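*Asks:* Questions regarding the structure given below will be posed in turn.
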Amino acid sequence: MNYQIEDVFSPRSFLQNTYISRKLDDEETVDYRLRRALAMKGNLIFVSGASKSGKTVLCHSA
């Protein structure tokens, strides 16, 4: 798949092309688990990881 630089690096919009869903096991992904946790009232959710590992994009995608 070919991208134009404007498709990937756009300072005024949310990233669409650089997020890669991560599997936790054969059935669950990080995205699914975050969405499930967000659906439960009263939860305090922490997202941690190395710099530039996709934490913000993950949260925006949920």
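We label chains A, B, ... in the order they appear in the structure tokens, count residues from 1 in each chain, and number ligands from 1 in the order shown.
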Write out as a PyMOL selection string the residues lying within 10 Å of A:Arg36, counting only C-alpha atoms and excluding same-chain residues fewer than 5 positions away.
*Replies:* chain A and resi 30-31+62
*Asks:* Near A:Phe46, within 12 Å and counting only C-alpha atoms, which residues show up once chain neighbours fewer than 2 positions away are dropped, as a PyMOL selection string?
*Replies:* chain A and resi 34+37-38+43-44+48-49+55-56+59
*Asks:* Write out, as a PDB file, in the first residue's frame, the residues just selected, with N, CA and C atoms.
*Replies:*
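out.pdb, freshly written:
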ATOM      1  N   LEU A  34      -9.440  -2.623  25.793  1.00  0.00           N
ATOM      2  CA  LEU A  34      -9.629  -1.240  26.225  1.00  0.00           C
ATOM      3  C   LEU A  34     -11.094  -0.832  26.085  1.00  0.00           C
ATOM      4  N   ALA A  37     -13.074  -2.357  28.884  1.00  0.00           N
ATOM      5  CA  ALA A  37     -12.827  -1.673  30.156  1.00  0.00           C
ATOM      6  C   ALA A  37     -13.527  -0.318  30.193  1.00  0.00           C
ATOM      7  N   LEU A  38     -13.540   0.398  29.079  1.00  0.00           N
ATOM      8  CA  LEU A  38     -14.211   1.700  29.021  1.00  0.00           C
ATOM      9  C   LEU A  38     -15.725   1.564  29.177  1.00  0.00           C
ATOM     10  N   ASN A  43     -14.479   2.360  36.333  1.00  0.00           N
ATOM     11  CA  ASN A  43     -13.105   1.889  36.179  1.00  0.00           C
ATOM     12  C   ASN A  43     -12.129   3.041  36.044  1.00  0.00           C
ATOM     13  N   LEU A  44     -10.964   2.874  36.610  1.00  0.00           N
ATOM     14  CA  LEU A  44      -9.846   3.772  36.385  1.00  0.00           C
ATOM     15  C   LEU A  44      -8.878   3.002  35.502  1.00  0.00           C
ATOM     16  N   SER A  48      -0.004   2.594  29.645  1.00  0.00           N
ATOM     17  CA  SER A  48       1.410   2.938  29.771  1.00  0.00           C
ATOM     18  C   SER A  48       2.213   2.237  28.692  1.00  0.00           C
ATOM     19  N   GLY A  49       3.364   2.795  28.407  1.00  0.00           N
ATOM     20  CA  GLY A  49       4.236   2.203  27.409  1.00  0.00           C
ATOM     21  C   GLY A  49       5.351   3.155  27.040  1.00  0.00           C
ATOM     22  N   LYS A  55       0.231   4.889  22.397  1.00  0.00           N
ATOM     23  CA  LYS A  55      -0.750   4.997  23.483  1.00  0.00           C
ATOM     24  C   LYS A  55      -1.888   5.962  23.120  1.00  0.00           C
ATOM     25  N   THR A  56      -1.544   7.145  22.646  1.00  0.00           N
ATOM     26  CA  THR A  56      -2.557   8.154  22.305  1.00  0.00           C
ATOM     27  C   THR A  56      -3.434   7.688  21.169  1.00  0.00           C
ATOM     28  N   CYS A  59      -5.912   5.120  22.418  1.00  0.00           N
ATOM     29  CA  CYS A  59      -7.026   5.716  23.170  1.00  0.00           C
ATOM     30  C   CYS A  59      -8.008   6.428  22.248  1.00  0.00           C
TER      31      CYS A  59
END
*Asks:* Identify, on the basis of only C-alpha atoms, every residue whose closest approach to A:Arg33 does not exceed 12 Å; exclude the query and any residue fewer than 5 positions from it along the same chain; express the result as a compact mmCIF listing (two decimals) with C-alpha atoms, in the first residue's frame.
*Replies:*
# COMPACT_ATOMS: atom_id res chain seq x y z
CA SER A 21 -3.91 -3.38 16.15
CA ARG A 22 -2.03 -5.64 18.57
CA LYS A 23 -3.20 -9.13 19.48
CA LEU A 24 -2.96 -10.30 23.06
CA ASP A 25 -3.89 -13.88 22.21
CA GLU A 27 -9.11 -13.99 20.33
CA GLU A 28 -8.44 -10.62 22.01
CA LEU A 38 -14.21 1.70 29.02
CA ALA A 39 -17.71 0.23 28.88
CA MET A 40 -17.59 -0.66 32.60
CA ILE A 45 -7.80 2.82 33.34
CA VAL A 47 -2.35 3.10 29.55
CA LEU A 58 -4.91 3.55 20.85
CA CYS A 59 -7.03 5.72 23.17
CA ALA A 62 -11.29 3.21 21.22
*Asks:* Which one of A:Arg35, A:Asn2, A:Asp26, A:Arg12 sits closest to A:His60 if you count only C-alpha atoms?
*Replies:* A:Arg35
